[in-house]
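Asker: This structure is in structure tokens; I'll ask about it shortly.
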Amino acid sequence: MGFCFQVAVAVPVGTDSTLRSAPLFKTQNLRLGEKSWAPVLSLDLKSRNPRLRNRYVVCMSVQQASKSKVAVSPLELEERSQPPLNLYKPKEPYTATIVSVERVVGAKAPGETCHIVIDHGGNVPYWEGQSYGVIPPGENPKKPGNPHNVRLYSIASTRYGDSFDGKTASLCVRRAVYYDPESGKEDPSKSGICSNFLCNSKPGDKVLITGPSGKIMLLPEDNPNATHIMIATGTGIAPFRGYLRRMFMESVPTYKFGGLAWLFLGVANPDSLLYDDEFTKYLQDYPDNFRYDKALSREQKNKKGGKMYVQDKIEEYSDEIFKRLDGGAHIYFCGLKGMMPGIQETLKRVAEQRGESWDQKLSQLKKNKQWHVEVY
């Protein structure tokens with residue numbers, strides 16, 4: 001699965017660079033840590049050869065997520081004391097440009113999810129955990145003569161974007177389709193307007209964006225040694241990808257993460273895993289600072305023999321999770337709103353088993369700003 005779009009293979013100065021002549025690649029400059037690198041090879045997303053595209057994915061992800069962190073710019077993006085908010089509003093959106101659109105799930109995944117890189121030219125800065133609004137082209141059928149309503153998407157990159165230059169933002173979008181329950185056939189007239197627009201976009205296409213918006217999912221950085229417990233289902237992984245790239249991939253002089261990031265990701269099966277190469281590499285390089293637990297509902301069973309959902313994984317580690325929350329850990333939830341009732345029920349049951357009142361505990365977590373929820 002290919003979802004990191006900038007660097008496929010880095011070529012140090014003085015090494016063989018015969019691959020540069022391959023039409024699949026184009027060159028660009030990159031600086032990794034304090035090392036001097038020649039122009040590197042980046043994946044040409046116009047290539048539709050899946051064999052070649054897949055061939056270089058692992059190499060690309062390993063390079064980006066290596067322990068030699070990637071230098072980012074402009075560092076002025078670190079100087080704001082408050083997050084940027086609503087720089088562009090629905091009546092006056094910003095016209096951005098699609099850089100790339102790539103399917104990021106395998107053939108056996110239910111549905112299609114795309115990683116979409118958008119060039120905002122540095123004009124719509126954001127912080128990790130914020131969202132962009134997207135206004136799809138066309139007329140709102142419920143309000144003739146007016147544009148479509150804004151659709152919000154959590155940003156799946158750090159403030160520096162996938163190219164580390166502060167000029168792009170990435171979205172993780174699942175194509176919304178509707179199947180007629182009687183015929184079993186897809187009904188295009190009921191497909192999601194915005195998700196299909198984004199997933200069908202081509203490099204160079206224009207897209208109207210608003211924002212950035214949101215403060216509830218901002219990554220608290222006052223304590224670089226804090227514990228962050230992240231629970232995601234499906235495309236709810238978006239803000240956490242941004243967090244983790246900031247923690248483990250980028251060299252940010254003002255943020256040196258030394259705590260614990262613990263990710264729980266719930267999807268249907270292995271083909272549905274999103275950004276798994278990146279997360280697996282962090283696990284290898286930072287075993288003391290990153291934990292990664294997957295709930296595959298169509299392949300794993302919980303202790304009762306039913307399907308394995310994220311709340312079942314949470315229950316497995318409930319004692320440790322509660323102890324970490326008592327110690328000040330932050331806990332985040334992002335995904336479809338249907339995930340929350342099951343999670344809340346599990347946490348309430350665990351709290352009662354521990355002789356605690358979940359309502360009181362939840363109230364205290366919210367008061368302490370340890371509880372962060374963004375569901376849709």
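Every chain in the structure tokens has a letter given in the order shown (A, B, ...), and although residue numbers restart at 1 in each chain, ligands are simply numbered from 1 in the order shown.
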Write down as a PyMOL selection string the residues of region 260-372 of chain A whose backbone DSSP state falls under strand (DSSP E or B).
Answerer: chain A and resi 260-267+290-296+301+307+330-335+371-372
Asker: Mind the document's chain letters and residue numbers, and return as a list in words the residues of region 331-362 of chain A that DSSP labels alpha helix (DSSP H).
Answerer: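 Filtering region 331-362 of chain A to alpha helix (DSSP H) leaves Met339, Met340, Pro341, Gly342, Ile343, Gln344, Glu345, Thr346, Leu347, Lys348, Arg349, Val350, Ala351, Glu352, Gln353, Trp358, Asp359, Gln360, Lys361 and Leu362 of chain A.
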Asker: Find the residues near region 215-224 of chain A: any atom within 12 Å, counting only C-alpha atoms, skip ones fewer than 2 places away on the same chain, and give them as an MDAnalysis selection string.
Answerer: chainID A and resid 78 81:86 126:131 154:155 158:159 211:213 226:230 236 238:244 246:247 254:261 289 328:334 366 369:375
Asker: Taking only C-alpha atoms into account, which of A:Val134, A:Ile321, A:Ala268, A:Val70 comes nearest Ala96 (chain A)?
Answerer: A:Val134
Asker: Using only C-alpha atoms, pick whichever of A:Ile209, A:Met339, A:Val101, A:Ile231 has the shortest atom-to-atom distance to Arg174 (chain A).
Answerer: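 Looking at the shortest contact to Arg174 (chain A), the residue is A:Val101.
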Asker: Need the shell around Trp262 (chain A): protein/DNA/RNA residues with any atom at most 6 Å away, counting only C-alpha atoms. Skip same-chain ones fewer than 6 positions apart. Format as a list of chain:residue names?
Answerer: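 My list of contacting residues is A:Ile229, A:Phe290, A:Arg291, A:Tyr292.
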Asker: Nearest to Gly138 (chain A): which of A:Val207, A:Ala295, A:Leu283, A:Cys114 is it, counting only C-alpha atoms?
Answerer: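 Of A:Val207, A:Ala295, A:Leu283, A:Cys114, the one nearest Gly138 (chain A) is A:Val207, counting only C-alpha atoms.
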Asker: Would you pick out the contacts of Arg151 (chain A) at 12 Å or less, using only C-alpha atoms, so that residues sharing its chain but fewer than 4 positions from it are not included, and give the list as a list in words?
Answerer: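 With the cut-off at 12 Å, the set is Pro90, Ser131, Tyr132, Gly133, Val134, Ile135, Pro136, Pro137, Pro147, Val173, Gly192, Ile193, Cys194, Ser195, Phe197, Leu198, Leu208, Ile209, Thr210, Gly211, Ser213 and Tyr376 of chain A.
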Asker: Skip Leu171 (chain A) itself and residues of its chain fewer than 6 positions away, then list as a list of chain:residue names all residues within 7 Å of it, counting only C-alpha atoms.
Answerer: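 The contact residues come out as A:His115, A:Ile116, A:Val117, A:Tyr153, A:Ser154, A:Ile155, A:Ala156.
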Asker: To one decimal in Å, tell me the separation between CA of Arg349 (chain A) and CA of Val267 (chain A).
Answerer: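 Taking CA of Arg349 (chain A) and CA of Val267 (chain A), their separation equals 23.4 Å.
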Asker: Can you work out which one of A:Glu299, A:Ser73, A:Leu365, A:Val124 has the shortest atom-to-atom distance to Arg324 (chain A), counting only C-alpha atoms?
Answerer: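 The closest residue to Arg324 (chain A) is A:Leu365.
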